[in-house]
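What follows is the content of query.pdb, which has PDB, C-alpha atoms:
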```pdb
ATOM      1  CA  MET A   1      10.810 -27.070 -15.276  1.00  0.00           C
ATOM      2  CA  ARG A   2      13.338 -29.387 -13.692  1.00  0.00           C
ATOM      3  CA  ILE A   3      12.121 -31.139 -10.529  1.00  0.00           C
ATOM      4  CA  LYS A   4      14.611 -31.614  -7.677  1.00  0.00           C
ATOM      5  CA  LYS A   5      14.275 -34.914  -5.813  1.00  0.00           C
ATOM      6  CA  SER A   6      16.130 -36.588  -3.006  1.00  0.00           C
ATOM      7  CA  GLY A   7      15.232 -39.918  -1.481  1.00  0.00           C
ATOM      8  CA  GLY A   8      12.107 -40.087  -3.622  1.00  0.00           C
ATOM      9  CA  LYS A   9      10.770 -36.803  -2.216  1.00  0.00           C
ATOM     10  CA  ILE A  10      10.402 -33.564  -4.153  1.00  0.00           C
ATOM     11  CA  PHE A  11      12.171 -30.636  -2.488  1.00  0.00           C
ATOM     12  CA  GLY A  12      12.214 -27.989  -5.201  1.00  0.00           C
ATOM     13  CA  ALA A  13      12.154 -27.067  -8.846  1.00  0.00           C
ATOM     14  CA  ASP A  14      14.143 -24.958 -11.280  1.00  0.00           C
ATOM     15  CA  LEU A  15      11.920 -22.870 -13.540  1.00  0.00           C
ATOM     16  CA  THR A  16      12.805 -21.757 -17.021  1.00  0.00           C
ATOM     17  CA  ALA A  17      12.987 -18.014 -17.735  1.00  0.00           C
ATOM     18  CA  ALA A  18       9.596 -18.164 -19.486  1.00  0.00           C
ATOM     19  CA  GLU A  19       8.022 -20.021 -16.550  1.00  0.00           C
ATOM     20  CA  ARG A  20       9.466 -17.503 -14.051  1.00  0.00           C
ATOM     21  CA  LYS A  21       8.143 -14.627 -16.164  1.00  0.00           C
ATOM     22  CA  ALA A  22       4.664 -16.213 -16.360  1.00  0.00           C
ATOM     23  CA  MET A  23       4.665 -16.894 -12.617  1.00  0.00           C
ATOM     24  CA  ASP A  24       5.742 -13.307 -11.829  1.00  0.00           C
ATOM     25  CA  LYS A  25       3.004 -11.948 -14.097  1.00  0.00           C
ATOM     26  CA  GLU A  26       0.370 -14.070 -12.335  1.00  0.00           C
ATOM     27  CA  ILE A  27       1.642 -12.998  -8.906  1.00  0.00           C
ATOM     28  CA  GLN A  28       1.391  -9.344  -9.964  1.00  0.00           C
ATOM     29  CA  ARG A  29      -2.152  -9.902 -11.254  1.00  0.00           C
ATOM     30  CA  GLN A  30      -3.263 -11.539  -8.013  1.00  0.00           C
ATOM     31  CA  LEU A  31      -1.572  -8.828  -5.959  1.00  0.00           C
ATOM     32  CA  ALA A  32      -3.423  -6.121  -7.919  1.00  0.00           C
ATOM     33  CA  VAL A  33      -6.765  -7.837  -7.217  1.00  0.00           C
ATOM     34  CA  TYR A  34      -5.906  -8.241  -3.518  1.00  0.00           C
ATOM     35  CA  THR A  35      -4.714  -4.633  -3.225  1.00  0.00           C
ATOM     36  CA  GLU A  36      -7.840  -3.219  -4.876  1.00  0.00           C
ATOM     37  CA  LYS A  37     -10.119  -5.221  -2.584  1.00  0.00           C
ATOM     38  CA  HIS A  38      -8.313  -4.115   0.539  1.00  0.00           C
ATOM     39  CA  ARG A  39      -7.859  -0.517  -0.645  1.00  0.00           C
ATOM     40  CA  LEU A  40     -11.612  -0.034  -0.526  1.00  0.00           C
ATOM     41  CA  GLU A  41     -11.776  -1.601   2.932  1.00  0.00           C
ATOM     42  CA  LEU A  42      -9.000   0.677   4.189  1.00  0.00           C
ATOM     43  CA  ASP A  43     -10.664   3.723   2.617  1.00  0.00           C
ATOM     44  CA  ALA A  44     -13.918   2.843   4.381  1.00  0.00           C
ATOM     45  CA  MET A  45     -12.180   2.475   7.763  1.00  0.00           C
ATOM     46  CA  ILE A  46     -10.365   5.805   7.398  1.00  0.00           C
ATOM     47  CA  LEU A  47     -13.546   7.627   6.375  1.00  0.00           C
ATOM     48  CA  TRP A  48     -15.490   6.111   9.265  1.00  0.00           C
ATOM     49  CA  VAL A  49     -12.862   7.168  11.835  1.00  0.00           C
ATOM     50  CA  LEU A  50     -12.775  10.696  10.384  1.00  0.00           C
ATOM     51  CA  HIS A  51     -16.536  10.810  10.831  1.00  0.00           C
ATOM     52  CA  ALA A  52     -16.605   9.227  14.290  1.00  0.00           C
ATOM     53  CA  GLN A  53     -13.669  11.162  15.782  1.00  0.00           C
ATOM     54  CA  LEU A  54     -13.797  14.493  13.967  1.00  0.00           C
ATOM     55  CA  GLY A  55     -17.458  14.684  13.004  1.00  0.00           C
ATOM     56  CA  LEU A  56     -16.875  14.960   9.255  1.00  0.00           C
ATOM     57  CA  GLY A  57     -20.129  14.589   7.341  1.00  0.00           C
ATOM     58  CA  PRO A  58     -20.680  13.266   3.842  1.00  0.00           C
ATOM     59  CA  THR A  59     -19.626  16.493   2.102  1.00  0.00           C
ATOM     60  CA  ARG A  60     -16.300  16.836   3.911  1.00  0.00           C
ATOM     61  CA  LEU A  61     -15.629  13.106   3.715  1.00  0.00           C
ATOM     62  CA  ARG A  62     -16.153  13.250  -0.058  1.00  0.00           C
ATOM     63  CA  ARG A  63     -13.809  16.254  -0.309  1.00  0.00           C
ATOM     64  CA  PHE A  64     -11.145  14.338   1.650  1.00  0.00           C
ATOM     65  CA  TYR A  65     -11.689  11.191  -0.449  1.00  0.00           C
ATOM     66  CA  ASP A  66     -11.409  13.113  -3.729  1.00  0.00           C
ATOM     67  CA  GLN A  67      -8.303  15.048  -2.650  1.00  0.00           C
ATOM     68  CA  PHE A  68      -6.431  12.144  -1.064  1.00  0.00           C
ATOM     69  CA  GLU A  69      -5.037  10.650  -4.295  1.00  0.00           C
ATOM     70  CA  LYS A  70      -4.377  14.073  -5.791  1.00  0.00           C
ATOM     71  CA  GLU A  71      -2.358  15.117  -2.738  1.00  0.00           C
ATOM     72  CA  LEU A  72      -0.299  11.932  -2.819  1.00  0.00           C
ATOM     73  CA  ASP A  73       0.356  12.323  -6.543  1.00  0.00           C
ATOM     74  CA  ALA A  74       1.426  15.947  -6.040  1.00  0.00           C
ATOM     75  CA  LEU A  75       3.783  14.912  -3.244  1.00  0.00           C
ATOM     76  CA  LEU A  76       5.397  12.232  -5.406  1.00  0.00           C
ATOM     77  CA  GLU A  77       5.751  14.645  -8.305  1.00  0.00           C
ATOM     78  CA  ARG A  78       7.266  17.343  -6.095  1.00  0.00           C
ATOM     79  CA  TYR A  79       9.970  14.965  -4.873  1.00  0.00           C
ATOM     80  CA  GLU A  80      10.296  13.206  -8.247  1.00  0.00           C
ATOM     81  CA  MET A  81       9.511   9.783  -6.842  1.00  0.00           C
ATOM     82  CA  GLY A  82       7.527   6.847  -8.160  1.00  0.00           C
ATOM     83  CA  GLU A  83       4.426   5.037  -6.925  1.00  0.00           C
ATOM     84  CA  ASP A  84       6.567   2.512  -5.062  1.00  0.00           C
ATOM     85  CA  ASP A  85       8.002   5.320  -2.907  1.00  0.00           C
ATOM     86  CA  ARG A  86       4.609   6.588  -1.718  1.00  0.00           C
ATOM     87  CA  LEU A  87       4.592   4.886   1.696  1.00  0.00           C
ATOM     88  CA  TRP A  88       8.207   5.798   2.443  1.00  0.00           C
ATOM     89  CA  LEU A  89       7.712   9.438   1.455  1.00  0.00           C
ATOM     90  CA  CYS A  90       4.546   9.875   3.524  1.00  0.00           C
ATOM     91  CA  THR A  91       6.236   8.243   6.525  1.00  0.00           C
ATOM     92  CA  TYR A  92       9.251  10.538   6.084  1.00  0.00           C
ATOM     93  CA  MET A  93       7.091  13.674   5.753  1.00  0.00           C
ATOM     94  CA  LEU A  94       5.147  12.753   8.890  1.00  0.00           C
ATOM     95  CA  LYS A  95       8.429  12.396  10.800  1.00  0.00           C
ATOM     96  CA  GLN A  96       9.328  15.922   9.678  1.00  0.00           C
ATOM     97  CA  ILE A  97       6.331  17.234  11.650  1.00  0.00           C
ATOM     98  CA  GLY A  98       7.023  15.046  14.684  1.00  0.00           C
ATOM     99  CA  VAL A  99       4.768  12.099  13.841  1.00  0.00           C
ATOM    100  CA  ASP A 100       6.624   8.767  13.995  1.00  0.00           C
ATOM    101  CA  ILE A 101       3.919   6.312  13.003  1.00  0.00           C
ATOM    102  CA  GLU A 102       6.314   3.347  13.271  1.00  0.00           C
ATOM    103  CA  LYS A 103       7.048   4.302  16.891  1.00  0.00           C
ATOM    104  CA  TRP A 104       3.336   4.735  17.598  1.00  0.00           C
ATOM    105  CA  ASP A 105       2.705   1.264  16.167  1.00  0.00           C
ATOM    106  CA  ARG A 106       5.400  -0.292  18.382  1.00  0.00           C
ATOM    107  CA  GLU A 107       3.976   1.466  21.455  1.00  0.00           C
ATOM    108  CA  ARG A 108       0.485   0.244  20.653  1.00  0.00           C
ATOM    109  CA  GLY A 109       1.809  -3.299  20.408  1.00  0.00           C
TER     110      GLY A 109
END
```

In structure tokens, what does this structure look like?
Amino acid sequence: MRIKKSGGKIFGADLTAAERKAMDKEIQRQLAVYTEKHRLELDAMILWVLHAQLGLGPTRLRRFYDQFEKELDALLERYEMGEDDRLWLCTYMLKQIGVDIEKWDRERG
């Protein structure tokens, strides 16, 4: 690593290729941990709202929970897209049935 200084103060650094690779790997690891933690929280919120608003009980909530990933995987396979395209594809498919979640979010503020 080469430190960049000006006037005795550090203002940056140039990383070697190996250092960049190691840093990227660590960022990906931390992101995976963060995502997993918040995935469970998001799942819990969705299941609770389905129960509170639509009256789904444990059996139907479990059926939804079990089918959720399978449905997303089938959608990605049908359109020959990867995991990174999941959010875009779901947003696009919702727009096809008249649901613009981005617009709803802007309206909600």

Can you list, as a PDB file with C-alpha atoms, keeping the file's coordinate frame, every protein, DNA or RNA residue that comes within 8 Å of Arg86 (chain A) when you count all atoms listed in the file, leaving out same-chain residues fewer than 4 positions away?
```pdb
ATOM      1  CA  LEU A  72      -0.299  11.932  -2.819  1.00  0.00           C
ATOM      2  CA  LEU A  76       5.397  12.232  -5.406  1.00  0.00           C
ATOM      3  CA  MET A  81       9.511   9.783  -6.842  1.00  0.00           C
ATOM      4  CA  GLY A  82       7.527   6.847  -8.160  1.00  0.00           C
ATOM      5  CA  CYS A  90       4.546   9.875   3.524  1.00  0.00           C
TER       6      CYS A  90
END
```

| request: Could you jot down the CA of Ala52 (chain A) to CA of Glu71 (chain A) separation for me, Å, one decimal place? | output: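 Those two atoms sit 23.0 Å apart.
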
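Interatomic distance, CA of Glu41 (chain A) to CA of Tyr65 (chain A): 13.2 Å.
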
| request: For CA of Glu19 (chain A) and CA of Arg2 (chain A), determine how far apart the two atoms are, in Å to one decimal place. | output: 11.1 Å

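Counting all atoms listed in the file and comparing A:Arg78, A:Arg62, A:Val33, A:Thr91, the residue that lies closest to Lys103 (chain A) is A:Thr91.
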
Would it be fine to have region 63-96 of chain A, with N, CA, C and O atoms, given as a PDB file, in the first residue's frame?
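Everything below was put into out-v8.pdb:
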```pdb
ATOM      1  N   ARG A  63     -46.751 -22.180   4.220  1.00  0.00           N
ATOM      2  CA  ARG A  63     -46.836 -22.488   2.799  1.00  0.00           C
ATOM      3  C   ARG A  63     -46.261 -21.328   1.980  1.00  0.00           C
ATOM      4  O   ARG A  63     -45.492 -21.531   1.042  1.00  0.00           O
ATOM      5  N   PHE A  64     -46.620 -20.099   2.338  1.00  0.00           N
ATOM      6  CA  PHE A  64     -46.069 -18.922   1.655  1.00  0.00           C
ATOM      7  C   PHE A  64     -44.559 -18.877   1.817  1.00  0.00           C
ATOM      8  O   PHE A  64     -43.825 -18.686   0.849  1.00  0.00           O
ATOM      9  N   TYR A  65     -44.075 -19.059   3.041  1.00  0.00           N
ATOM     10  CA  TYR A  65     -42.642 -18.987   3.344  1.00  0.00           C
ATOM     11  C   TYR A  65     -41.866 -20.025   2.536  1.00  0.00           C
ATOM     12  O   TYR A  65     -40.822 -19.730   1.961  1.00  0.00           O
ATOM     13  N   ASP A  66     -42.394 -21.245   2.476  1.00  0.00           N
ATOM     14  CA  ASP A  66     -41.718 -22.322   1.749  1.00  0.00           C
ATOM     15  C   ASP A  66     -41.726 -22.084   0.240  1.00  0.00           C
ATOM     16  O   ASP A  66     -40.779 -22.438  -0.456  1.00  0.00           O
ATOM     17  N   GLN A  67     -42.788 -21.497  -0.285  1.00  0.00           N
ATOM     18  CA  GLN A  67     -42.916 -21.306  -1.728  1.00  0.00           C
ATOM     19  C   GLN A  67     -42.241 -20.039  -2.241  1.00  0.00           C
ATOM     20  O   GLN A  67     -41.966 -19.919  -3.423  1.00  0.00           O
ATOM     21  N   PHE A  68     -41.973 -19.102  -1.364  1.00  0.00           N
ATOM     22  CA  PHE A  68     -41.435 -17.805  -1.763  1.00  0.00           C
ATOM     23  C   PHE A  68     -40.148 -17.946  -2.571  1.00  0.00           C
ATOM     24  O   PHE A  68     -40.043 -17.451  -3.690  1.00  0.00           O
ATOM     25  N   GLU A  69     -39.148 -18.612  -2.003  1.00  0.00           N
ATOM     26  CA  GLU A  69     -37.865 -18.803  -2.695  1.00  0.00           C
ATOM     27  C   GLU A  69     -38.044 -19.599  -3.973  1.00  0.00           C
ATOM     28  O   GLU A  69     -37.442 -19.289  -4.990  1.00  0.00           O
ATOM     29  N   LYS A  70     -38.847 -20.643  -3.914  1.00  0.00           N
ATOM     30  CA  LYS A  70     -39.063 -21.484  -5.098  1.00  0.00           C
ATOM     31  C   LYS A  70     -39.667 -20.677  -6.232  1.00  0.00           C
ATOM     32  O   LYS A  70     -39.280 -20.838  -7.387  1.00  0.00           O
ATOM     33  N   GLU A  71     -40.613 -19.807  -5.916  1.00  0.00           N
ATOM     34  CA  GLU A  71     -41.255 -18.978  -6.941  1.00  0.00           C
ATOM     35  C   GLU A  71     -40.263 -17.995  -7.557  1.00  0.00           C
ATOM     36  O   GLU A  71     -40.243 -17.795  -8.771  1.00  0.00           O
ATOM     37  N   LEU A  72     -39.440 -17.390  -6.716  1.00  0.00           N
ATOM     38  CA  LEU A  72     -38.421 -16.475  -7.228  1.00  0.00           C
ATOM     39  C   LEU A  72     -37.415 -17.206  -8.115  1.00  0.00           C
ATOM     40  O   LEU A  72     -37.045 -16.714  -9.182  1.00  0.00           O
ATOM     41  N   ASP A  73     -36.986 -18.378  -7.682  1.00  0.00           N
ATOM     42  CA  ASP A  73     -36.036 -19.156  -8.481  1.00  0.00           C
ATOM     43  C   ASP A  73     -36.642 -19.547  -9.826  1.00  0.00           C
ATOM     44  O   ASP A  73     -35.971 -19.479 -10.857  1.00  0.00           O
ATOM     45  N   ALA A  74     -37.915 -19.934  -9.823  1.00  0.00           N
ATOM     46  CA  ALA A  74     -38.587 -20.309 -11.068  1.00  0.00           C
ATOM     47  C   ALA A  74     -38.699 -19.109 -12.002  1.00  0.00           C
ATOM     48  O   ALA A  74     -38.526 -19.237 -13.221  1.00  0.00           O
ATOM     49  N   LEU A  75     -38.968 -17.941 -11.443  1.00  0.00           N
ATOM     50  CA  LEU A  75     -39.073 -16.729 -12.251  1.00  0.00           C
ATOM     51  C   LEU A  75     -37.728 -16.400 -12.900  1.00  0.00           C
ATOM     52  O   LEU A  75     -37.663 -16.111 -14.096  1.00  0.00           O
ATOM     53  N   LEU A  76     -36.665 -16.479 -12.132  1.00  0.00           N
ATOM     54  CA  LEU A  76     -35.329 -16.211 -12.668  1.00  0.00           C
ATOM     55  C   LEU A  76     -34.958 -17.217 -13.757  1.00  0.00           C
ATOM     56  O   LEU A  76     -34.389 -16.854 -14.783  1.00  0.00           O
ATOM     57  N   GLU A  77     -35.291 -18.464 -13.523  1.00  0.00           N
ATOM     58  CA  GLU A  77     -34.978 -19.502 -14.511  1.00  0.00           C
ATOM     59  C   GLU A  77     -35.775 -19.288 -15.794  1.00  0.00           C
ATOM     60  O   GLU A  77     -35.246 -19.412 -16.893  1.00  0.00           O
ATOM     61  N   ARG A  78     -37.036 -18.941 -15.654  1.00  0.00           N
ATOM     62  CA  ARG A  78     -37.898 -18.717 -16.817  1.00  0.00           C
ATOM     63  C   ARG A  78     -37.355 -17.605 -17.704  1.00  0.00           C
ATOM     64  O   ARG A  78     -37.401 -17.688 -18.920  1.00  0.00           O
ATOM     65  N   TYR A  79     -36.831 -16.556 -17.106  1.00  0.00           N
ATOM     66  CA  TYR A  79     -36.310 -15.427 -17.873  1.00  0.00           C
ATOM     67  C   TYR A  79     -34.794 -15.480 -18.036  1.00  0.00           C
ATOM     68  O   TYR A  79     -34.198 -14.516 -18.503  1.00  0.00           O
ATOM     69  N   GLU A  80     -34.198 -16.598 -17.628  1.00  0.00           N
ATOM     70  CA  GLU A  80     -32.757 -16.824 -17.770  1.00  0.00           C
ATOM     71  C   GLU A  80     -31.942 -15.665 -17.206  1.00  0.00           C
ATOM     72  O   GLU A  80     -31.085 -15.090 -17.871  1.00  0.00           O
ATOM     73  N   MET A  81     -32.234 -15.341 -15.957  1.00  0.00           N
ATOM     74  CA  MET A  81     -31.535 -14.260 -15.272  1.00  0.00           C
ATOM     75  C   MET A  81     -30.855 -14.820 -14.035  1.00  0.00           C
ATOM     76  O   MET A  81     -31.196 -15.887 -13.551  1.00  0.00           O
ATOM     77  N   GLY A  82     -29.920 -14.038 -13.506  1.00  0.00           N
ATOM     78  CA  GLY A  82     -29.171 -14.452 -12.326  1.00  0.00           C
ATOM     79  C   GLY A  82     -29.740 -13.866 -11.049  1.00  0.00           C
ATOM     80  O   GLY A  82     -30.663 -13.046 -11.069  1.00  0.00           O
ATOM     81  N   GLU A  83     -29.163 -14.288  -9.932  1.00  0.00           N
ATOM     82  CA  GLU A  83     -29.597 -13.832  -8.605  1.00  0.00           C
ATOM     83  C   GLU A  83     -29.584 -12.316  -8.482  1.00  0.00           C
ATOM     84  O   GLU A  83     -30.430 -11.731  -7.824  1.00  0.00           O
ATOM     85  N   ASP A  84     -28.614 -11.675  -9.117  1.00  0.00           N
ATOM     86  CA  ASP A  84     -28.489 -10.223  -9.017  1.00  0.00           C
ATOM     87  C   ASP A  84     -29.640  -9.497  -9.705  1.00  0.00           C
ATOM     88  O   ASP A  84     -29.867  -8.314  -9.461  1.00  0.00           O
ATOM     89  N   ASP A  85     -30.372 -10.180 -10.567  1.00  0.00           N
ATOM     90  CA  ASP A  85     -31.472  -9.570 -11.312  1.00  0.00           C
ATOM     91  C   ASP A  85     -32.825  -9.746 -10.621  1.00  0.00           C
ATOM     92  O   ASP A  85     -33.841  -9.307 -11.122  1.00  0.00           O
ATOM     93  N   ARG A  86     -32.836 -10.410  -9.470  1.00  0.00           N
ATOM     94  CA  ARG A  86     -34.083 -10.768  -8.806  1.00  0.00           C
ATOM     95  C   ARG A  86     -34.962  -9.555  -8.500  1.00  0.00           C
ATOM     96  O   ARG A  86     -36.145  -9.547  -8.827  1.00  0.00           O
ATOM     97  N   LEU A  87     -34.404  -8.534  -7.889  1.00  0.00           N
ATOM     98  CA  LEU A  87     -35.176  -7.345  -7.526  1.00  0.00           C
ATOM     99  C   LEU A  87     -35.715  -6.653  -8.768  1.00  0.00           C
ATOM    100  O   LEU A  87     -36.896  -6.287  -8.832  1.00  0.00           O
ATOM    101  N   TRP A  88     -34.858  -6.476  -9.773  1.00  0.00           N
ATOM    102  CA  TRP A  88     -35.302  -5.812 -11.004  1.00  0.00           C
ATOM    103  C   TRP A  88     -36.437  -6.588 -11.657  1.00  0.00           C
ATOM    104  O   TRP A  88     -37.447  -6.001 -12.063  1.00  0.00           O
ATOM    105  N   LEU A  89     -36.295  -7.901 -11.763  1.00  0.00           N
ATOM    106  CA  LEU A  89     -37.308  -8.709 -12.437  1.00  0.00           C
ATOM    107  C   LEU A  89     -38.639  -8.675 -11.699  1.00  0.00           C
ATOM    108  O   LEU A  89     -39.699  -8.513 -12.318  1.00  0.00           O
ATOM    109  N   CYS A  90     -38.616  -8.779 -10.386  1.00  0.00           N
ATOM    110  CA  CYS A  90     -39.864  -8.718  -9.615  1.00  0.00           C
ATOM    111  C   CYS A  90     -40.522  -7.349  -9.765  1.00  0.00           C
ATOM    112  O   CYS A  90     -41.741  -7.257  -9.924  1.00  0.00           O
ATOM    113  N   THR A  91     -39.729  -6.293  -9.723  1.00  0.00           N
ATOM    114  CA  THR A  91     -40.258  -4.939  -9.908  1.00  0.00           C
ATOM    115  C   THR A  91     -40.887  -4.804 -11.288  1.00  0.00           C
ATOM    116  O   THR A  91     -41.983  -4.253 -11.436  1.00  0.00           O
ATOM    117  N   TYR A  92     -40.217  -5.319 -12.302  1.00  0.00           N
ATOM    118  CA  TYR A  92     -40.720  -5.272 -13.679  1.00  0.00           C
ATOM    119  C   TYR A  92     -42.029  -6.062 -13.806  1.00  0.00           C
ATOM    120  O   TYR A  92     -43.001  -5.579 -14.401  1.00  0.00           O
ATOM    121  N   MET A  93     -42.068  -7.262 -13.240  1.00  0.00           N
ATOM    122  CA  MET A  93     -43.276  -8.094 -13.337  1.00  0.00           C
ATOM    123  C   MET A  93     -44.454  -7.442 -12.613  1.00  0.00           C
ATOM    124  O   MET A  93     -45.587  -7.513 -13.073  1.00  0.00           O
ATOM    125  N   LEU A  94     -44.190  -6.803 -11.491  1.00  0.00           N
ATOM    126  CA  LEU A  94     -45.261  -6.084 -10.790  1.00  0.00           C
ATOM    127  C   LEU A  94     -45.799  -4.944 -11.651  1.00  0.00           C
ATOM    128  O   LEU A  94     -47.011  -4.721 -11.703  1.00  0.00           O
ATOM    129  N   LYS A  95     -44.919  -4.230 -12.335  1.00  0.00           N
ATOM    130  CA  LYS A  95     -45.372  -3.146 -13.218  1.00  0.00           C
ATOM    131  C   LYS A  95     -46.261  -3.676 -14.329  1.00  0.00           C
ATOM    132  O   LYS A  95     -47.177  -2.983 -14.778  1.00  0.00           O
ATOM    133  N   GLN A  96     -46.010  -4.912 -14.766  1.00  0.00           N
ATOM    134  CA  GLN A  96     -46.823  -5.510 -15.828  1.00  0.00           C
ATOM    135  C   GLN A  96     -48.270  -5.717 -15.388  1.00  0.00           C
ATOM    136  O   GLN A  96     -49.173  -5.761 -16.226  1.00  0.00           O
TER     137      GLN A  96
END
```
